[in-house]
file run.cif (mmCIF, C-alpha atoms)
data_upload
loop_
_atom_site.label_atom_id
_atom_site.label_comp_id
_atom_site.auth_asym_id
_atom_site.auth_seq_id
_atom_site.Cartn_x
_atom_site.Cartn_y
_atom_site.Cartn_z
CA MET A 184 5.56 15.14 -7.77
CA GLY A 185 5.82 18.17 -5.47
CA ARG A 186 2.37 17.64 -4.03
CA ALA A 187 2.97 13.92 -3.60
CA LEU A 188 6.19 14.62 -1.70
CA THR A 189 4.40 17.17 0.50
CA VAL A 190 1.63 14.70 1.36
CA PHE A 191 4.16 11.93 2.02
CA VAL A 192 6.27 14.09 4.34
CA SER A 193 3.13 15.30 6.14
CA ILE A 194 1.93 11.75 6.69
CA ALA A 195 5.34 10.64 7.91
CA PHE A 196 5.65 13.63 10.26
CA ALA A 197 2.13 13.12 11.64
CA GLY A 198 2.85 9.44 12.20
CA ALA A 199 6.11 10.19 13.99
CA VAL A 200 4.54 12.82 16.25
CA GLY A 201 1.45 10.71 16.93
CA GLY A 202 3.54 7.64 17.66
CA GLY A 203 5.77 9.59 20.02
CA LEU A 204 2.80 11.02 21.90
CA LEU A 205 0.93 7.73 22.13
CA GLY A 206 4.05 5.75 22.94
CA GLY A 207 4.74 7.83 26.01
CA GLY A 208 1.11 8.36 27.01
CA PRO A 209 -1.84 6.33 28.29
CA ALA A 210 -2.01 4.29 25.08
CA SER A 211 1.35 2.70 25.89
CA ARG A 212 -0.30 0.85 28.77
CA LEU A 213 -2.43 -1.07 26.26
CA MET A 214 0.63 -2.38 24.43
CA PRO A 215 2.66 -5.39 25.58
CA GLU A 216 6.10 -4.77 27.00
CA PRO A 217 8.54 -5.16 24.11
CA GLY A 218 11.25 -6.68 26.24
CA GLU A 219 13.74 -8.46 24.00
CA HIS A 220 11.28 -8.65 21.11
CA GLY A 221 10.92 -4.98 20.19
CA ALA A 222 11.81 -5.77 16.57
CA TRP A 223 8.97 -8.29 16.42
CA TYR A 224 6.40 -5.74 17.58
CA ALA A 225 7.86 -3.13 15.23
CA SER A 226 7.52 -5.55 12.33
CA ARG A 227 3.89 -6.26 13.17
CA ALA A 228 3.10 -2.54 13.36
CA ALA A 229 4.95 -1.80 10.11
CA GLY A 230 3.17 -4.68 8.34
CA ILE A 231 -0.32 -3.49 9.24
CA THR A 232 0.55 0.13 8.46
CA SER A 233 2.07 -0.91 5.13
CA TYR A 234 -1.15 -2.71 4.24
CA VAL A 235 -3.22 0.38 5.08
CA PHE A 236 -1.03 2.61 2.91
CA LEU A 237 -1.09 0.17 -0.02
CA TRP A 238 -4.86 0.02 0.30
CA ALA A 239 -5.08 3.83 0.35
CA GLY A 240 -2.92 4.01 -2.76
CA LEU A 241 -5.10 1.51 -4.62
CA ALA A 242 -8.35 3.13 -3.49
CA GLY A 243 -7.04 6.57 -4.44
CA GLY A 244 -6.11 5.34 -7.91
CA LEU A 245 -9.54 3.80 -8.44
CA MET A 246 -11.28 6.97 -7.28
CA MET A 247 -9.10 9.09 -9.53
CA SER A 248 -9.99 7.06 -12.61
CA SER A 249 -13.75 7.13 -12.03
CA ALA A 250 -16.05 9.94 -13.10
CA TRP A 251 -18.29 9.34 -10.05
CA PHE A 252 -15.83 11.08 -7.74
CA ASP A 253 -15.38 14.17 -9.94
CA GLY A 254 -16.21 17.27 -7.94
CA ILE A 255 -15.96 15.43 -4.60
CA ILE A 256 -12.19 15.21 -4.30
CA GLY A 257 -9.79 17.11 -6.53
CA ARG A 258 -7.92 15.00 -9.07
CA ALA A 259 -4.57 16.55 -8.09
CA ARG A 260 -5.16 15.70 -4.44
CA LEU A 261 -6.15 12.14 -5.29
CA LEU A 262 -3.04 11.75 -7.42
CA ALA A 263 -0.87 12.98 -4.53
CA ILE A 264 -2.54 10.56 -2.11
CA HIS A 265 -2.28 7.73 -4.62
CA GLN A 266 1.44 8.20 -5.21
CA ALA A 267 2.51 9.06 -1.68
CA ALA A 268 0.49 6.29 -0.03
CA SER A 269 1.76 3.69 -2.49
CA ILE A 270 5.41 4.62 -1.93
CA ALA A 271 4.91 4.78 1.84
CA GLY A 272 3.33 1.32 1.74
CA VAL A 273 6.32 -0.10 -0.13
CA LEU A 274 8.84 1.46 2.26
CA LEU A 275 6.95 0.27 5.33
CA GLY A 276 6.58 -3.19 3.78
CA LEU A 277 10.34 -3.35 3.32
CA MET A 278 10.81 -2.26 6.93
CA HIS A 279 8.29 -4.92 7.98
CA GLY A 280 10.65 -7.60 6.78
CA LEU A 281 14.09 -6.11 7.39
CA VAL A 282 13.43 -5.11 11.01
CA LEU A 283 13.08 -8.80 11.90
CA ILE A 284 16.69 -9.59 11.01
CA PRO A 285 18.24 -8.19 14.25
CA ASP A 286 15.69 -10.11 16.33
CA GLY A 287 17.33 -13.44 17.11
CA TRP A 288 14.03 -14.84 18.39
CA THR A 289 12.57 -15.16 14.87
CA GLN A 290 15.82 -16.24 13.17
CA PHE A 291 15.00 -14.40 9.95
CA GLY A 292 17.90 -13.49 7.67
CA PHE A 293 18.20 -11.48 4.47
CA PHE A 294 17.52 -14.60 2.40
CA ASP A 295 14.32 -15.36 4.32
CA VAL A 296 13.06 -11.80 3.97
CA LEU A 297 14.13 -10.79 0.47
CA VAL A 298 13.99 -14.02 -1.55
CA PRO A 299 10.50 -15.38 -2.35
CA PHE A 300 10.09 -18.97 -1.12
CA GLY A 301 13.37 -18.63 0.78
CA SER A 302 11.79 -18.33 4.23
CA TYR A 303 12.01 -21.16 6.73
CA TYR A 304 8.63 -20.10 8.18
CA GLU A 305 5.29 -20.43 6.31
CA ARG A 306 7.24 -20.44 3.05
CA SER A 307 4.36 -19.95 0.58
CA ASP A 308 2.48 -17.29 2.53
CA VAL A 309 5.65 -15.35 3.36
CA ALA A 310 6.70 -15.59 -0.30
CA LEU A 311 3.35 -14.12 -1.31
CA GLY A 312 4.07 -11.12 0.90
CA SER A 313 7.51 -10.65 -0.70
CA ILE A 314 6.07 -10.91 -4.21
CA ALA A 315 3.31 -8.44 -3.30
CA LEU A 316 5.97 -6.02 -2.03
CA TYR A 317 8.08 -6.23 -5.19
CA LEU A 318 5.02 -5.93 -7.41
CA SER A 319 3.83 -2.90 -5.44
CA ALA A 320 7.26 -1.31 -5.85
CA ILE A 321 7.16 -1.85 -9.63
CA VAL A 322 3.66 -0.35 -9.84
CA SER A 323 4.51 2.60 -7.59
CA PHE A 324 7.70 3.63 -9.36
CA SER A 325 6.40 2.94 -12.87
CA PHE A 326 4.80 6.39 -12.77
CA TRP A 327 8.17 7.97 -13.59
CA PHE A 328 8.69 5.60 -16.54
CA ARG A 329 5.29 5.97 -18.15
CA GLY A 330 6.76 7.68 -21.21
CA SER A 331 9.30 4.92 -21.73
CA LEU A 332 6.84 2.09 -21.16
CA GLY A 333 4.05 3.49 -23.30
CA SER A 334 0.46 4.02 -22.18
CA GLY A 335 -0.71 0.49 -22.97
CA THR A 336 2.09 -1.30 -21.11
CA TRP A 337 1.90 1.16 -18.24
CA ARG A 338 -1.83 0.47 -17.76
CA TRP A 339 -1.23 -3.27 -17.57
CA VAL A 340 1.57 -2.73 -15.08
CA HIS A 341 -0.73 -0.55 -13.01
CA ARG A 342 -3.51 -3.13 -13.08
CA SER A 343 -1.20 -5.58 -11.36
CA ALA A 344 -1.72 -3.43 -8.25
CA PHE A 345 -4.86 -5.52 -7.65
CA ILE A 346 -2.72 -8.68 -7.54
CA ALA A 347 -0.27 -6.99 -5.16
CA TYR A 348 -3.10 -5.84 -2.89
CA CYS A 349 -4.70 -9.29 -2.77
CA GLY A 350 -1.30 -10.83 -2.07
CA ALA A 351 -0.64 -8.41 0.79
CA LEU A 352 -4.11 -9.05 2.22
CA TRP A 353 -3.71 -12.84 2.09
CA HIS A 354 -0.21 -12.59 3.57
CA GLY A 355 -1.55 -10.52 6.46
CA ILE A 356 -4.46 -12.86 7.13
CA GLN A 357 -2.42 -16.06 6.99
CA VAL A 358 0.85 -14.99 8.60
CA GLY A 359 -0.06 -11.94 10.67
CA THR A 360 0.10 -12.54 14.41
CA ASP A 361 -2.72 -10.06 14.93
CA SER A 362 -4.97 -11.29 12.12
CA ARG A 363 -7.36 -12.98 14.56
CA GLU A 364 -7.79 -9.83 16.63
CA SER A 365 -11.27 -8.38 16.15
CA TRP A 366 -10.05 -4.90 15.19
CA VAL A 367 -7.70 -6.31 12.56
CA MET A 368 -10.47 -8.48 11.12
CA VAL A 369 -12.72 -5.41 10.92
CA LEU A 370 -9.88 -3.49 9.25
CA TYR A 371 -9.35 -6.16 6.60
CA PHE A 372 -13.08 -6.52 5.96
CA ALA A 373 -13.76 -2.77 5.76
CA THR A 374 -10.82 -2.01 3.46
CA SER A 375 -11.66 -4.93 1.18
CA LEU A 376 -15.25 -3.74 0.99
CA VAL A 377 -14.08 -0.27 -0.02
CA VAL A 378 -11.92 -1.74 -2.80
CA VAL A 379 -14.83 -3.79 -4.13
CA PHE A 380 -17.08 -0.72 -4.01
CA ALA A 381 -14.44 1.39 -5.78
CA ILE A 382 -14.05 -1.25 -8.51
CA VAL A 383 -17.82 -1.37 -9.09
CA VAL A 384 -17.96 2.44 -9.25
CA ARG A 385 -14.93 2.49 -11.56
CA ILE A 386 -16.61 0.09 -13.99
CA THR A 387 -20.01 1.78 -13.77
CA PHE A 388 -18.90 5.41 -13.99
CA MET A 389 -16.00 5.31 -16.40
CA LYS A 390 -14.62 8.59 -17.65
CA ALA A 391 -15.69 9.36 -21.20
CA PRO A 392 -12.76 9.07 -23.62
CA ARG A 393 -11.48 12.31 -25.02
CA LYS A 394 -12.57 12.91 -28.59
CA ARG A 395 -9.84 13.77 -31.00
CA ALA A 396 -10.50 16.49 -33.54
CA PRO A 397 -10.50 15.24 -37.15
CA ALA A 398 -7.34 15.88 -39.12
CA GLY A 399 -7.40 19.28 -40.74
CA ALA A 400 -10.22 20.58 -38.56
CA SER A 401 -9.83 24.11 -37.28
CA VAL A 402 -10.90 25.51 -33.95
CA ALA A 403 -13.21 28.51 -34.25
#
call {"tool": "encode", "arguments": {"input": "run.cif", "output": "structure tokens"}}
result
Amino acid sequence: MGRALTVFVSIAFAGAVGGGLLGGGPASRLMPEPGEHGAWYASRAAGITSYVFLWAGLAGGLMMSSAWFDGIIGRARLLAIHQAASIAGVLLGLMHGLVLIPDGWTQFGFFDVLVPFGSYYERSDVALGSIALYLSAIVSFSFWFRGSLGSGTWRWVHRSAFIAYCGALWHGIQVGTDSRESWVMVLYFATSLVVVFAIVVRITFMKAPRKRAPAGASVA
């Protein structure tokens, strides 16, 4: 938990510093003037960043559970990345929706943002994003309830992260204003390819199950 918190704070701090530097530097000239729609641009940025963090959390979890990556990246570091990125993705996803409420141009309210199928705009695709967010939150915070849930139930809950990821990806492609931009298309394609690769590696190089010593056996 301590390492995860350290990684999360570091990522947040780096993002804040980098955003401040870029926002006031030459990169700001490449961005459209926010005008009266600053919340709209903030939502778009938070949505894409949320997707990247959720992807990093999923990829980190797959790498951690595969023997192929042993010795390449430390398990403790992967666990920290997995947890911190997943939680950051959930928080940014929540911001992605809530920041639209003050923007009168979009006319989104709490009901549209928080209730699946409650949106007036692209109801099904927006609902898929909300469901993906809630499912990601359940998966992310289930780590602290693993003992209560039991290993079997916890694994099934964790596997639903694939559904959440696919839902977030589809939501971004269908609803995202920037989804037709070439760099966003490359981002979606590259991250999806990494997930597929990680799944294949996970299946091919599974960790060997730990052997339990027979009852009554003594250790020399």
call {"tool": "closest_atom_pairs", "arguments": {"input": "run.cif", "of": "range 224-329 of chain A", "to": "range 352-361 of chain A", "cutoff": "10 Å", "atoms": "only C-alpha atoms", "output": "Markdown table"}}
result
| residue | atom | partner | partner_atom | distance |
| --- | --- | --- | --- | --- |
| A:Tyr224 | CA | A:Thr360 | CA | 9.8 |
| A:Arg227 | CA | A:Gly359 | CA | 7.4 |
| A:Ala228 | CA | A:Asp361 | CA | 9.6 |
| A:Gly230 | CA | A:Gly355 | CA | 7.7 |
| A:Ile231 | CA | A:Gly355 | CA | 7.7 |
| A:Tyr234 | CA | A:Leu352 | CA | 7.3 |
| A:Val235 | CA | A:Leu352 | CA | 9.9 |
| A:Leu237 | CA | A:Leu352 | CA | 10.0 |
| A:Trp238 | CA | A:Leu352 | CA | 9.3 |
| A:Tyr304 | CA | A:Val358 | CA | 9.3 |
| A:Glu305 | CA | A:Val358 | CA | 7.4 |
| A:Ser307 | CA | A:His354 | CA | 9.2 |
| A:Asp308 | CA | A:His354 | CA | 5.5 |
| A:Val309 | CA | A:His354 | CA | 6.5 |
| A:Ala310 | CA | A:His354 | CA | 8.5 |
| A:Leu311 | CA | A:His354 | CA | 6.2 |
| A:Gly312 | CA | A:His354 | CA | 5.3 |
| A:Ser313 | CA | A:His354 | CA | 9.0 |
| A:Ala315 | CA | A:His354 | CA | 8.8 |
call {"tool": "write_last_selection", "arguments": {"input": "run.cif", "atoms": "C-alpha atoms", "output": "compact mmCIF listing (two decimals), in the frame of the given file"}}
result
# COMPACT_ATOMS: atom_id res chain seq x y z
CA TYR A 224 6.40 -5.74 17.58
CA ARG A 227 3.89 -6.26 13.17
CA ALA A 228 3.10 -2.54 13.36
CA GLY A 230 3.17 -4.68 8.34
CA ILE A 231 -0.32 -3.49 9.24
CA TYR A 234 -1.15 -2.71 4.24
CA VAL A 235 -3.22 0.38 5.08
CA LEU A 237 -1.09 0.17 -0.02
CA TRP A 238 -4.86 0.02 0.30
CA TYR A 304 8.63 -20.10 8.18
CA GLU A 305 5.29 -20.43 6.31
CA SER A 307 4.36 -19.95 0.58
CA ASP A 308 2.48 -17.29 2.53
CA VAL A 309 5.65 -15.35 3.36
CA ALA A 310 6.70 -15.59 -0.30
CA LEU A 311 3.35 -14.12 -1.31
CA GLY A 312 4.07 -11.12 0.90
CA SER A 313 7.51 -10.65 -0.70
CA ALA A 315 3.31 -8.44 -3.30
call {"tool": "closest_residue", "arguments": {"input": "run.cif", "among": "A:Ala263, A:Arg363, A:Gly240, A:Thr232", "to": "Val322 in chain A", "atoms": "all atoms listed in the file"}}
result
A:Gly240
call {"tool": "atom_distance", "arguments": {"input": "run.cif", "atom1": "CA of Leu318 in chain A", "atom2": "CA of Ala242 in chain A"}}
result
16.6 Å
call {"tool": "residues_around", "arguments": {"input": "run.cif", "residues": "Ala225 in chain A", "least_positions_apart": "4", "cutoff": "10 Å", "atoms": "only C-alpha atoms", "output": "ChimeraX atom specification"}}
result
/A:217,220-221,229-230,278-280,282-283
call {"tool": "residues_near_point", "arguments": {"input": "run.cif", "point": "(1.1, -0.9, -6.3)", "cutoff": "8 Å", "atoms": "all atoms listed in the file", "output": "list in words"}}
result
Leu237, Gly240, Leu241, Ser269, Leu318, Ser319, Ala320, Ile321, Val322, Ser323, His341, Ser343, Ala344, Phe345, Ala347 and Tyr348 of chain A
